[in-house]
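Engineer: Below is the file input00.cif, with mmCIF, N, CA, C and O atoms.
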```
data_entry
loop_
_atom_site.label_atom_id
_atom_site.label_comp_id
_atom_site.auth_asym_id
_atom_site.auth_seq_id
_atom_site.Cartn_x
_atom_site.Cartn_y
_atom_site.Cartn_z
N MET A 286 83.51 -82.10 191.52
CA MET A 286 84.50 -81.51 190.64
C MET A 286 84.07 -81.76 189.20
O MET A 286 83.70 -82.86 188.84
N THR A 287 84.16 -80.73 188.38
CA THR A 287 83.83 -80.86 186.96
C THR A 287 85.09 -80.64 186.14
O THR A 287 86.08 -80.09 186.62
N THR A 288 85.03 -81.07 184.91
CA THR A 288 86.14 -80.88 183.99
C THR A 288 85.78 -79.81 182.97
O THR A 288 84.71 -79.87 182.37
N LEU A 289 86.65 -78.85 182.81
CA LEU A 289 86.45 -77.78 181.84
C LEU A 289 87.15 -78.20 180.55
O LEU A 289 88.36 -78.43 180.55
N ASN A 290 86.40 -78.32 179.46
CA ASN A 290 87.01 -78.72 178.20
C ASN A 290 87.22 -77.49 177.30
O ASN A 290 86.90 -76.36 177.68
N LYS A 291 87.74 -77.72 176.12
CA LYS A 291 88.08 -76.61 175.22
C LYS A 291 86.84 -75.80 174.84
O LYS A 291 86.89 -74.57 174.79
N THR A 292 85.74 -76.46 174.58
CA THR A 292 84.50 -75.77 174.22
C THR A 292 84.04 -74.86 175.35
O THR A 292 83.63 -73.72 175.12
N ASP A 293 84.12 -75.35 176.58
CA ASP A 293 83.76 -74.54 177.74
C ASP A 293 84.68 -73.33 177.87
O ASP A 293 84.23 -72.23 178.19
N MET A 294 85.97 -73.54 177.64
CA MET A 294 86.93 -72.45 177.74
C MET A 294 86.69 -71.40 176.66
O MET A 294 86.78 -70.20 176.92
N VAL A 295 86.38 -71.84 175.46
CA VAL A 295 86.07 -70.90 174.37
C VAL A 295 84.86 -70.05 174.76
O VAL A 295 84.87 -68.83 174.58
N ALA A 296 83.82 -70.67 175.30
CA ALA A 296 82.63 -69.92 175.72
C ALA A 296 82.98 -68.93 176.83
O ALA A 296 82.50 -67.79 176.83
N HIS A 297 83.83 -69.34 177.76
CA HIS A 297 84.24 -68.46 178.86
C HIS A 297 85.04 -67.26 178.33
O HIS A 297 84.79 -66.12 178.72
N ILE A 298 85.98 -67.52 177.43
CA ILE A 298 86.78 -66.44 176.84
C ILE A 298 85.88 -65.48 176.07
O ILE A 298 86.02 -64.26 176.18
N ALA A 299 84.95 -66.02 175.29
CA ALA A 299 84.04 -65.18 174.51
C ALA A 299 83.23 -64.26 175.41
O ALA A 299 83.06 -63.08 175.12
N GLU A 300 82.76 -64.79 176.53
CA GLU A 300 81.95 -63.99 177.46
C GLU A 300 82.79 -62.92 178.16
O GLU A 300 82.41 -61.75 178.20
N ILE A 301 83.94 -63.32 178.69
CA ILE A 301 84.78 -62.39 179.45
C ILE A 301 85.37 -61.30 178.56
O ILE A 301 85.43 -60.13 178.95
N ALA A 302 85.83 -61.66 177.36
CA ALA A 302 86.49 -60.71 176.47
C ALA A 302 85.53 -60.04 175.50
O ALA A 302 85.96 -59.26 174.65
N ASP A 303 84.25 -60.35 175.59
CA ASP A 303 83.23 -59.78 174.71
C ASP A 303 83.59 -60.03 173.24
O ASP A 303 83.65 -59.11 172.43
N LEU A 304 83.87 -61.30 172.94
CA LEU A 304 84.21 -61.73 171.59
C LEU A 304 83.19 -62.74 171.10
O LEU A 304 82.46 -63.34 171.90
N SER A 305 83.18 -62.96 169.80
CA SER A 305 82.36 -64.06 169.28
C SER A 305 83.05 -65.36 169.66
O SER A 305 84.26 -65.38 169.94
N LYS A 306 82.29 -66.44 169.65
CA LYS A 306 82.91 -67.73 169.98
C LYS A 306 83.96 -68.11 168.94
O LYS A 306 84.98 -68.71 169.28
N ALA A 307 83.75 -67.73 167.68
CA ALA A 307 84.72 -68.02 166.63
C ALA A 307 86.04 -67.28 166.90
O ALA A 307 87.12 -67.86 166.77
N ALA A 308 85.95 -66.02 167.29
CA ALA A 308 87.15 -65.23 167.58
C ALA A 308 87.85 -65.78 168.83
O ALA A 308 89.08 -65.85 168.89
N ALA A 309 87.08 -66.16 169.83
CA ALA A 309 87.65 -66.71 171.06
C ALA A 309 88.36 -68.04 170.76
O ALA A 309 89.44 -68.30 171.30
N LYS A 310 87.78 -68.85 169.89
CA LYS A 310 88.41 -70.13 169.51
C LYS A 310 89.72 -69.88 168.78
O LYS A 310 90.72 -70.54 169.06
N ARG A 311 89.74 -68.90 167.86
CA ARG A 311 90.99 -68.58 167.15
C ARG A 311 92.05 -68.09 168.13
O ARG A 311 93.22 -68.45 168.01
N ALA A 312 91.65 -67.28 169.10
CA ALA A 312 92.60 -66.76 170.09
C ALA A 312 93.17 -67.89 170.95
O ALA A 312 94.38 -67.97 171.18
N LEU A 313 92.30 -68.79 171.41
CA LEU A 313 92.76 -69.92 172.22
C LEU A 313 93.66 -70.84 171.41
O LEU A 313 94.71 -71.27 171.89
N ASP A 314 93.28 -71.12 170.17
CA ASP A 314 94.10 -71.97 169.30
C ASP A 314 95.48 -71.34 169.07
O ASP A 314 96.49 -72.03 169.07
N ALA A 315 95.51 -70.02 168.88
CA ALA A 315 96.79 -69.33 168.66
C ALA A 315 97.66 -69.41 169.91
O ALA A 315 98.88 -69.63 169.81
N LEU A 316 97.06 -69.25 171.08
CA LEU A 316 97.81 -69.36 172.33
C LEU A 316 98.41 -70.75 172.49
O LEU A 316 99.60 -70.91 172.77
N LEU A 317 97.59 -71.77 172.30
CA LEU A 317 98.06 -73.14 172.46
C LEU A 317 99.13 -73.49 171.43
O LEU A 317 100.11 -74.17 171.74
N GLU A 318 98.97 -73.01 170.20
CA GLU A 318 99.96 -73.26 169.15
C GLU A 318 101.28 -72.57 169.50
O GLU A 318 102.36 -73.15 169.32
N GLY A 319 101.21 -71.36 170.02
CA GLY A 319 102.42 -70.64 170.42
C GLY A 319 103.17 -71.35 171.52
O GLY A 319 104.40 -71.47 171.48
N ILE A 320 102.44 -71.83 172.52
CA ILE A 320 103.07 -72.57 173.61
C ILE A 320 103.70 -73.87 173.08
O ILE A 320 104.84 -74.19 173.40
N THR A 321 102.97 -74.58 172.24
CA THR A 321 103.46 -75.84 171.67
C THR A 321 104.71 -75.61 170.83
O THR A 321 105.71 -76.34 170.96
N ASP A 322 104.69 -74.58 169.97
CA ASP A 322 105.85 -74.29 169.13
C ASP A 322 107.08 -73.96 169.97
O ASP A 322 108.18 -74.39 169.67
N ALA A 323 106.88 -73.17 171.02
CA ALA A 323 108.00 -72.79 171.89
C ALA A 323 108.58 -74.02 172.58
O ALA A 323 109.81 -74.20 172.64
N LEU A 324 107.73 -74.90 173.09
CA LEU A 324 108.21 -76.11 173.77
C LEU A 324 108.94 -77.03 172.80
O LEU A 324 109.97 -77.62 173.14
N CYS A 325 108.43 -77.16 171.58
CA CYS A 325 109.08 -78.00 170.57
C CYS A 325 110.45 -77.46 170.21
O CYS A 325 111.36 -78.22 169.88
N ALA A 326 110.62 -76.13 170.29
CA ALA A 326 111.90 -75.51 169.99
C ALA A 326 112.85 -75.54 171.19
O ALA A 326 113.99 -75.08 171.10
N GLY A 327 112.39 -76.08 172.32
CA GLY A 327 113.22 -76.17 173.50
C GLY A 327 113.17 -74.93 174.38
O GLY A 327 113.94 -74.79 175.33
N ASP A 328 112.27 -74.00 174.06
CA ASP A 328 112.12 -72.78 174.86
C ASP A 328 111.14 -73.02 175.99
O ASP A 328 110.44 -74.03 176.03
N GLN A 329 111.07 -72.06 176.91
CA GLN A 329 110.05 -72.12 177.95
C GLN A 329 109.16 -70.90 177.82
O GLN A 329 109.56 -69.88 177.27
N VAL A 330 107.93 -71.02 178.28
CA VAL A 330 106.95 -69.94 178.21
C VAL A 330 106.55 -69.60 179.64
O VAL A 330 106.09 -70.47 180.38
N THR A 331 106.73 -68.33 180.02
CA THR A 331 106.43 -67.91 181.38
C THR A 331 105.36 -66.83 181.38
O THR A 331 105.47 -65.83 180.65
N PHE A 332 104.33 -67.03 182.16
CA PHE A 332 103.31 -66.02 182.43
C PHE A 332 103.46 -65.68 183.90
O PHE A 332 103.09 -66.48 184.77
N VAL A 333 104.03 -64.51 184.18
CA VAL A 333 104.33 -64.11 185.55
C VAL A 333 103.07 -64.20 186.41
O VAL A 333 102.02 -63.68 186.04
N GLY A 334 103.19 -64.89 187.53
CA GLY A 334 102.06 -65.06 188.44
C GLY A 334 101.23 -66.30 188.13
O GLY A 334 100.62 -66.87 189.01
N PHE A 335 101.19 -66.69 186.85
CA PHE A 335 100.39 -67.86 186.47
C PHE A 335 101.23 -69.13 186.48
O PHE A 335 100.87 -70.11 187.13
N GLY A 336 102.35 -69.11 185.76
CA GLY A 336 103.20 -70.30 185.75
C GLY A 336 104.11 -70.36 184.55
O GLY A 336 104.12 -69.48 183.70
N THR A 337 104.87 -71.44 184.49
CA THR A 337 105.86 -71.64 183.43
C THR A 337 105.66 -73.00 182.78
O THR A 337 105.53 -74.01 183.46
N PHE A 338 105.64 -72.99 181.45
CA PHE A 338 105.62 -74.21 180.66
C PHE A 338 107.04 -74.44 180.18
O PHE A 338 107.68 -73.53 179.66
N LYS A 339 107.57 -75.65 180.36
CA LYS A 339 108.91 -75.98 179.89
C LYS A 339 108.96 -77.47 179.60
O LYS A 339 107.95 -78.18 179.77
N THR A 340 110.11 -77.94 179.15
CA THR A 340 110.26 -79.37 178.90
C THR A 340 111.30 -79.94 179.86
O THR A 340 112.15 -79.22 180.38
N ALA A 341 111.21 -81.23 180.08
CA ALA A 341 112.17 -81.94 180.92
C ALA A 341 112.53 -83.24 180.21
O ALA A 341 111.70 -83.83 179.51
N ASP A 342 113.77 -83.66 180.38
CA ASP A 342 114.21 -84.93 179.80
C ASP A 342 114.01 -86.04 180.82
O ASP A 342 114.47 -85.94 181.95
N ARG A 343 113.30 -87.05 180.42
CA ARG A 343 113.05 -88.21 181.28
C ARG A 343 114.02 -89.31 180.86
O ARG A 343 114.09 -89.66 179.68
N LYS A 344 114.78 -89.84 181.79
CA LYS A 344 115.76 -90.87 181.48
C LYS A 344 115.07 -92.19 181.14
O LYS A 344 113.95 -92.45 181.57
N ALA A 345 115.79 -93.02 180.42
CA ALA A 345 115.32 -94.38 180.15
C ALA A 345 115.29 -95.12 181.49
O ALA A 345 116.12 -94.87 182.37
N ARG A 346 114.33 -96.01 181.62
CA ARG A 346 114.23 -96.73 182.88
C ARG A 346 113.58 -98.09 182.64
O ARG A 346 113.03 -98.36 181.58
N GLU A 347 113.64 -98.90 183.68
CA GLU A 347 113.04 -100.22 183.61
C GLU A 347 111.70 -100.19 184.34
O GLU A 347 111.58 -99.62 185.41
N GLY A 348 110.69 -100.77 183.72
CA GLY A 348 109.38 -100.84 184.35
C GLY A 348 108.87 -102.26 184.34
O GLY A 348 109.59 -103.18 183.96
N ARG A 349 107.64 -102.41 184.77
CA ARG A 349 107.04 -103.75 184.78
C ARG A 349 105.67 -103.70 184.12
O ARG A 349 104.90 -102.76 184.33
N ASN A 350 105.37 -104.72 183.34
CA ASN A 350 104.05 -104.87 182.76
C ASN A 350 103.11 -105.24 183.90
O ASN A 350 103.30 -106.26 184.56
N PRO A 351 102.08 -104.42 184.16
CA PRO A 351 101.21 -104.70 185.31
C PRO A 351 100.40 -106.00 185.17
O PRO A 351 100.00 -106.59 186.17
N LEU A 352 100.20 -106.46 183.96
CA LEU A 352 99.42 -107.69 183.77
C LEU A 352 100.27 -108.95 183.99
O LEU A 352 99.83 -109.90 184.62
N THR A 353 101.49 -108.92 183.43
CA THR A 353 102.31 -110.13 183.48
C THR A 353 103.44 -110.05 184.50
O THR A 353 104.01 -111.07 184.86
N GLY A 354 103.79 -108.85 184.90
CA GLY A 354 104.90 -108.68 185.83
C GLY A 354 106.25 -108.71 185.13
O GLY A 354 107.29 -108.59 185.77
N ALA A 355 106.24 -108.87 183.80
CA ALA A 355 107.49 -108.93 183.05
C ALA A 355 108.17 -107.57 183.03
O ALA A 355 107.52 -106.53 182.97
N LYS A 356 109.51 -107.59 183.06
CA LYS A 356 110.27 -106.35 183.00
C LYS A 356 110.23 -105.81 181.58
O LYS A 356 110.31 -106.58 180.61
N ILE A 357 110.10 -104.47 181.46
CA ILE A 357 110.12 -103.82 180.16
C ILE A 357 111.02 -102.60 180.24
O ILE A 357 111.22 -102.04 181.32
N GLN A 358 111.59 -102.22 179.11
CA GLN A 358 112.42 -101.03 179.04
C GLN A 358 111.56 -99.86 178.56
O GLN A 358 110.86 -99.95 177.55
N ILE A 359 111.60 -98.77 179.30
CA ILE A 359 110.87 -97.56 178.93
C ILE A 359 111.90 -96.59 178.38
O ILE A 359 112.88 -96.26 179.06
N ALA A 360 111.71 -96.14 177.15
CA ALA A 360 112.67 -95.29 176.47
C ALA A 360 112.73 -93.89 177.08
O ALA A 360 111.75 -93.40 177.66
N ALA A 361 113.87 -93.24 176.91
CA ALA A 361 114.02 -91.85 177.34
C ALA A 361 113.18 -90.97 176.42
O ALA A 361 112.98 -91.29 175.25
N LYS A 362 112.68 -89.88 176.98
CA LYS A 362 111.92 -88.95 176.14
C LYS A 362 111.85 -87.58 176.80
O LYS A 362 112.11 -87.43 177.98
N ARG A 363 111.49 -86.60 175.99
CA ARG A 363 111.31 -85.23 176.47
C ARG A 363 109.82 -85.03 176.70
O ARG A 363 109.00 -85.36 175.84
N VAL A 364 109.47 -84.49 177.86
CA VAL A 364 108.06 -84.33 178.22
C VAL A 364 107.77 -82.88 178.60
O VAL A 364 108.64 -82.18 179.11
N PRO A 365 106.53 -82.40 178.36
CA PRO A 365 106.16 -81.06 178.79
C PRO A 365 105.90 -81.03 180.30
O PRO A 365 105.42 -82.00 180.87
N VAL A 366 106.26 -79.90 180.91
CA VAL A 366 106.09 -79.72 182.35
C VAL A 366 105.47 -78.34 182.60
O VAL A 366 105.83 -77.38 181.92
N PHE A 367 104.56 -78.25 183.55
CA PHE A 367 103.99 -76.97 183.95
C PHE A 367 104.27 -76.77 185.43
O PHE A 367 104.00 -77.65 186.24
N LYS A 368 104.82 -75.61 185.77
CA LYS A 368 105.04 -75.27 187.17
C LYS A 368 104.20 -74.04 187.48
O LYS A 368 104.39 -72.97 186.88
N ALA A 369 103.27 -74.19 188.40
CA ALA A 369 102.37 -73.09 188.76
C ALA A 369 103.13 -71.97 189.45
O ALA A 369 104.04 -72.21 190.24
N GLY A 370 102.73 -70.73 189.15
CA GLY A 370 103.31 -69.56 189.77
C GLY A 370 102.66 -69.29 191.13
O GLY A 370 101.61 -69.84 191.47
N LYS A 371 103.26 -68.39 191.88
CA LYS A 371 102.80 -68.09 193.24
C LYS A 371 101.36 -67.57 193.26
O LYS A 371 100.55 -68.01 194.08
N GLN A 372 101.04 -66.65 192.36
CA GLN A 372 99.69 -66.09 192.35
C GLN A 372 98.64 -67.17 192.09
O GLN A 372 97.60 -67.21 192.75
N LEU A 373 98.89 -68.05 191.15
CA LEU A 373 97.96 -69.15 190.84
C LEU A 373 97.84 -70.07 192.05
O LEU A 373 96.72 -70.46 192.44
N LYS A 374 98.95 -70.41 192.67
CA LYS A 374 98.92 -71.28 193.85
C LYS A 374 98.10 -70.64 194.96
O LYS A 374 97.29 -71.31 195.62
N ASP A 375 98.29 -69.34 195.18
CA ASP A 375 97.55 -68.64 196.22
C ASP A 375 96.05 -68.60 195.93
O ASP A 375 95.23 -68.77 196.83
N GLU A 376 95.68 -68.39 194.67
CA GLU A 376 94.27 -68.35 194.27
C GLU A 376 93.61 -69.71 194.48
O GLU A 376 92.49 -69.79 194.97
N VAL A 377 94.30 -70.77 194.11
CA VAL A 377 93.75 -72.12 194.24
C VAL A 377 93.63 -72.50 195.71
O VAL A 377 92.66 -73.15 196.11
N ASP A 378 94.57 -72.05 196.51
CA ASP A 378 94.60 -72.39 197.94
C ASP A 378 93.48 -71.69 198.71
O ASP A 378 93.04 -72.19 199.73
N SER A 379 93.05 -70.53 198.25
CA SER A 379 92.05 -69.78 199.04
C SER A 379 90.63 -70.19 198.77
O SER A 379 90.28 -70.93 197.96
#
```
Can I see the file as structure tokens?
Structural biologist:
Amino acid sequence: MTTLNKTDMVAHIAEIADLSKAAAKRALDALLEGITDALCAGDQVTFVGFGTFKTADRKAREGRNPLTGAKIQIAAKRVPVFKAGKQLKDEVDS
């Protein structure tokens, strides 16, 4: 298994869309910024067949320090969540 990083994705977008790498990078940056802005505003972003980006509220909870075993309080926070769509799940499964 390999990891695809942003540089690899920019090169892939440039090749598939017949764009320069600079244009592909601007397009990818714009997409990521749009998703981030929507999530920060409390909105969700849905790409039919691919999936949905949204936020979820995580409650405060008690945890343990793995080194000392001491109890610690973990604060509540809002976290990003991605739920894969049916088409993406089917593609990955095949």
Engineer: Report the residues of chain A whose backbone DSSP state falls under helix (DSSP H, G or I), written as an mmCIF file with N, CA, C and O atoms, in the frame of the given file.
Structural biologist:
```cif
data_model
loop_
_atom_site.group_PDB
_atom_site.id
_atom_site.type_symbol
_atom_site.label_atom_id
_atom_site.label_comp_id
_atom_site.auth_asym_id
_atom_site.auth_seq_id
_atom_site.Cartn_x
_atom_site.Cartn_y
_atom_site.Cartn_z
ATOM 1 N N LYS A 291 87.740 -77.720 176.120
ATOM 2 C CA LYS A 291 88.080 -76.610 175.220
ATOM 3 C C LYS A 291 86.840 -75.800 174.840
ATOM 4 O O LYS A 291 86.890 -74.570 174.790
ATOM 5 N N THR A 292 85.740 -76.460 174.580
ATOM 6 C CA THR A 292 84.500 -75.770 174.220
ATOM 7 C C THR A 292 84.040 -74.860 175.350
ATOM 8 O O THR A 292 83.630 -73.720 175.120
ATOM 9 N N ASP A 293 84.120 -75.350 176.580
ATOM 10 C CA ASP A 293 83.760 -74.540 177.740
ATOM 11 C C ASP A 293 84.680 -73.330 177.870
ATOM 12 O O ASP A 293 84.230 -72.230 178.190
ATOM 13 N N MET A 294 85.970 -73.540 177.640
ATOM 14 C CA MET A 294 86.930 -72.450 177.740
ATOM 15 C C MET A 294 86.690 -71.400 176.660
ATOM 16 O O MET A 294 86.780 -70.200 176.920
ATOM 17 N N VAL A 295 86.380 -71.840 175.460
ATOM 18 C CA VAL A 295 86.070 -70.900 174.370
ATOM 19 C C VAL A 295 84.860 -70.050 174.760
ATOM 20 O O VAL A 295 84.870 -68.830 174.580
ATOM 21 N N ALA A 296 83.820 -70.670 175.300
ATOM 22 C CA ALA A 296 82.630 -69.920 175.720
ATOM 23 C C ALA A 296 82.980 -68.930 176.830
ATOM 24 O O ALA A 296 82.500 -67.790 176.830
ATOM 25 N N HIS A 297 83.830 -69.340 177.760
ATOM 26 C CA HIS A 297 84.240 -68.460 178.860
ATOM 27 C C HIS A 297 85.040 -67.260 178.330
ATOM 28 O O HIS A 297 84.790 -66.120 178.720
ATOM 29 N N ILE A 298 85.980 -67.520 177.430
ATOM 30 C CA ILE A 298 86.780 -66.440 176.840
ATOM 31 C C ILE A 298 85.880 -65.480 176.070
ATOM 32 O O ILE A 298 86.020 -64.260 176.180
ATOM 33 N N ALA A 299 84.950 -66.020 175.290
ATOM 34 C CA ALA A 299 84.040 -65.180 174.510
ATOM 35 C C ALA A 299 83.230 -64.260 175.410
ATOM 36 O O ALA A 299 83.060 -63.080 175.120
ATOM 37 N N GLU A 300 82.760 -64.790 176.530
ATOM 38 C CA GLU A 300 81.950 -63.990 177.460
ATOM 39 C C GLU A 300 82.790 -62.920 178.160
ATOM 40 O O GLU A 300 82.410 -61.750 178.200
ATOM 41 N N ILE A 301 83.940 -63.320 178.690
ATOM 42 C CA ILE A 301 84.780 -62.390 179.450
ATOM 43 C C ILE A 301 85.370 -61.300 178.560
ATOM 44 O O ILE A 301 85.430 -60.130 178.950
ATOM 45 N N ALA A 302 85.830 -61.660 177.360
ATOM 46 C CA ALA A 302 86.490 -60.710 176.470
ATOM 47 C C ALA A 302 85.530 -60.040 175.500
ATOM 48 O O ALA A 302 85.960 -59.260 174.650
ATOM 49 N N LYS A 306 82.290 -66.440 169.650
ATOM 50 C CA LYS A 306 82.910 -67.730 169.980
ATOM 51 C C LYS A 306 83.960 -68.110 168.940
ATOM 52 O O LYS A 306 84.980 -68.710 169.280
ATOM 53 N N ALA A 307 83.750 -67.730 167.680
ATOM 54 C CA ALA A 307 84.720 -68.020 166.630
ATOM 55 C C ALA A 307 86.040 -67.280 166.900
ATOM 56 O O ALA A 307 87.120 -67.860 166.770
ATOM 57 N N ALA A 308 85.950 -66.020 167.290
ATOM 58 C CA ALA A 308 87.150 -65.230 167.580
ATOM 59 C C ALA A 308 87.850 -65.780 168.830
ATOM 60 O O ALA A 308 89.080 -65.850 168.890
ATOM 61 N N ALA A 309 87.080 -66.160 169.830
ATOM 62 C CA ALA A 309 87.650 -66.710 171.060
ATOM 63 C C ALA A 309 88.360 -68.040 170.760
ATOM 64 O O ALA A 309 89.440 -68.300 171.300
ATOM 65 N N LYS A 310 87.780 -68.850 169.890
ATOM 66 C CA LYS A 310 88.410 -70.130 169.510
ATOM 67 C C LYS A 310 89.720 -69.880 168.780
ATOM 68 O O LYS A 310 90.720 -70.540 169.060
ATOM 69 N N ARG A 311 89.740 -68.900 167.860
ATOM 70 C CA ARG A 311 90.990 -68.580 167.150
ATOM 71 C C ARG A 311 92.050 -68.090 168.130
ATOM 72 O O ARG A 311 93.220 -68.450 168.010
ATOM 73 N N ALA A 312 91.650 -67.280 169.100
ATOM 74 C CA ALA A 312 92.600 -66.760 170.090
ATOM 75 C C ALA A 312 93.170 -67.890 170.950
ATOM 76 O O ALA A 312 94.380 -67.970 171.180
ATOM 77 N N LEU A 313 92.300 -68.790 171.410
ATOM 78 C CA LEU A 313 92.760 -69.920 172.220
ATOM 79 C C LEU A 313 93.660 -70.840 171.410
ATOM 80 O O LEU A 313 94.710 -71.270 171.890
ATOM 81 N N ASP A 314 93.280 -71.120 170.170
ATOM 82 C CA ASP A 314 94.100 -71.970 169.300
ATOM 83 C C ASP A 314 95.480 -71.340 169.070
ATOM 84 O O ASP A 314 96.490 -72.030 169.070
ATOM 85 N N ALA A 315 95.510 -70.020 168.880
ATOM 86 C CA ALA A 315 96.790 -69.330 168.660
ATOM 87 C C ALA A 315 97.660 -69.410 169.910
ATOM 88 O O ALA A 315 98.880 -69.630 169.810
ATOM 89 N N LEU A 316 97.060 -69.250 171.080
ATOM 90 C CA LEU A 316 97.810 -69.360 172.330
ATOM 91 C C LEU A 316 98.410 -70.750 172.490
ATOM 92 O O LEU A 316 99.600 -70.910 172.770
ATOM 93 N N LEU A 317 97.590 -71.770 172.300
ATOM 94 C CA LEU A 317 98.060 -73.140 172.460
ATOM 95 C C LEU A 317 99.130 -73.490 171.430
ATOM 96 O O LEU A 317 100.110 -74.170 171.740
ATOM 97 N N GLU A 318 98.970 -73.010 170.200
ATOM 98 C CA GLU A 318 99.960 -73.260 169.150
ATOM 99 C C GLU A 318 101.280 -72.570 169.500
ATOM 100 O O GLU A 318 102.360 -73.150 169.320
ATOM 101 N N GLY A 319 101.210 -71.360 170.020
ATOM 102 C CA GLY A 319 102.420 -70.640 170.420
ATOM 103 C C GLY A 319 103.170 -71.350 171.520
ATOM 104 O O GLY A 319 104.400 -71.470 171.480
ATOM 105 N N ILE A 320 102.440 -71.830 172.520
ATOM 106 C CA ILE A 320 103.070 -72.570 173.610
ATOM 107 C C ILE A 320 103.700 -73.870 173.080
ATOM 108 O O ILE A 320 104.840 -74.190 173.400
ATOM 109 N N THR A 321 102.970 -74.580 172.240
ATOM 110 C CA THR A 321 103.460 -75.840 171.670
ATOM 111 C C THR A 321 104.710 -75.610 170.830
ATOM 112 O O THR A 321 105.710 -76.340 170.960
ATOM 113 N N ASP A 322 104.690 -74.580 169.970
ATOM 114 C CA ASP A 322 105.850 -74.290 169.130
ATOM 115 C C ASP A 322 107.080 -73.960 169.970
ATOM 116 O O ASP A 322 108.180 -74.390 169.670
ATOM 117 N N ALA A 323 106.880 -73.170 171.020
ATOM 118 C CA ALA A 323 108.000 -72.790 171.890
ATOM 119 C C ALA A 323 108.580 -74.020 172.580
ATOM 120 O O ALA A 323 109.810 -74.200 172.640
ATOM 121 N N LEU A 324 107.730 -74.900 173.090
ATOM 122 C CA LEU A 324 108.210 -76.110 173.770
ATOM 123 C C LEU A 324 108.940 -77.030 172.800
ATOM 124 O O LEU A 324 109.970 -77.620 173.140
ATOM 125 N N CYS A 325 108.430 -77.160 171.580
ATOM 126 C CA CYS A 325 109.080 -78.000 170.570
ATOM 127 C C CYS A 325 110.450 -77.460 170.210
ATOM 128 O O CYS A 325 111.360 -78.220 169.880
ATOM 129 N N LYS A 371 103.260 -68.390 191.880
ATOM 130 C CA LYS A 371 102.800 -68.090 193.240
ATOM 131 C C LYS A 371 101.360 -67.570 193.260
ATOM 132 O O LYS A 371 100.550 -68.010 194.080
ATOM 133 N N GLN A 372 101.040 -66.650 192.360
ATOM 134 C CA GLN A 372 99.690 -66.090 192.350
ATOM 135 C C GLN A 372 98.640 -67.170 192.090
ATOM 136 O O GLN A 372 97.600 -67.210 192.750
ATOM 137 N N LEU A 373 98.890 -68.050 191.150
ATOM 138 C CA LEU A 373 97.960 -69.150 190.840
ATOM 139 C C LEU A 373 97.840 -70.070 192.050
ATOM 140 O O LEU A 373 96.720 -70.460 192.440
ATOM 141 N N LYS A 374 98.950 -70.410 192.670
ATOM 142 C CA LYS A 374 98.920 -71.280 193.850
ATOM 143 C C LYS A 374 98.100 -70.640 194.960
ATOM 144 O O LYS A 374 97.290 -71.310 195.620
ATOM 145 N N ASP A 375 98.290 -69.340 195.180
ATOM 146 C CA ASP A 375 97.550 -68.640 196.220
ATOM 147 C C ASP A 375 96.050 -68.600 195.930
ATOM 148 O O ASP A 375 95.230 -68.770 196.830
ATOM 149 N N GLU A 376 95.680 -68.390 194.670
ATOM 150 C CA GLU A 376 94.270 -68.350 194.270
ATOM 151 C C GLU A 376 93.610 -69.710 194.480
ATOM 152 O O GLU A 376 92.490 -69.790 194.970
ATOM 153 N N VAL A 377 94.300 -70.770 194.110
ATOM 154 C CA VAL A 377 93.750 -72.120 194.240
ATOM 155 C C VAL A 377 93.630 -72.500 195.710
ATOM 156 O O VAL A 377 92.660 -73.150 196.110
ATOM 157 N N ASP A 378 94.570 -72.050 196.510
ATOM 158 C CA ASP A 378 94.600 -72.390 197.940
ATOM 159 C C ASP A 378 93.480 -71.690 198.710
ATOM 160 O O ASP A 378 93.040 -72.190 199.730
#
```
Engineer: To one decimal in Å, tell me the separation between CA of Gly348 (chain A) and CA of Lys362 (chain A).
Structural biologist: 14.7 Å
Engineer: Which residues come within 10 Å of Lys368 (chain A), counting only C-alpha atoms, excluding same-chain residues fewer than 3 positions away, as a list in words?
Structural biologist: Thr331, Phe335, Gly336, Thr337, Phe338, Lys339, Lys371 and Lys374 of chain A
Engineer: Just give me the gap between atom C of Gly334 (chain A) and CA of Ala312 (chain A) in Å, one decimal is fine.
Structural biologist: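 Going from atom C of Gly334 (chain A) over to CA of Ala312 (chain A) covers 20.0 Å.
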Engineer: Which polymer residues, protein or nucleic acid, are no farther than 8 Å from (116.3, -84.0, 180.6), counting all atoms listed in the file, as a list in words?
Structural biologist: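 Using all atoms listed in the file, the matching residues come out as Thr340, Ala341, Asp342, Arg343, Lys344, Lys362, Arg363 and Val364 of chain A.
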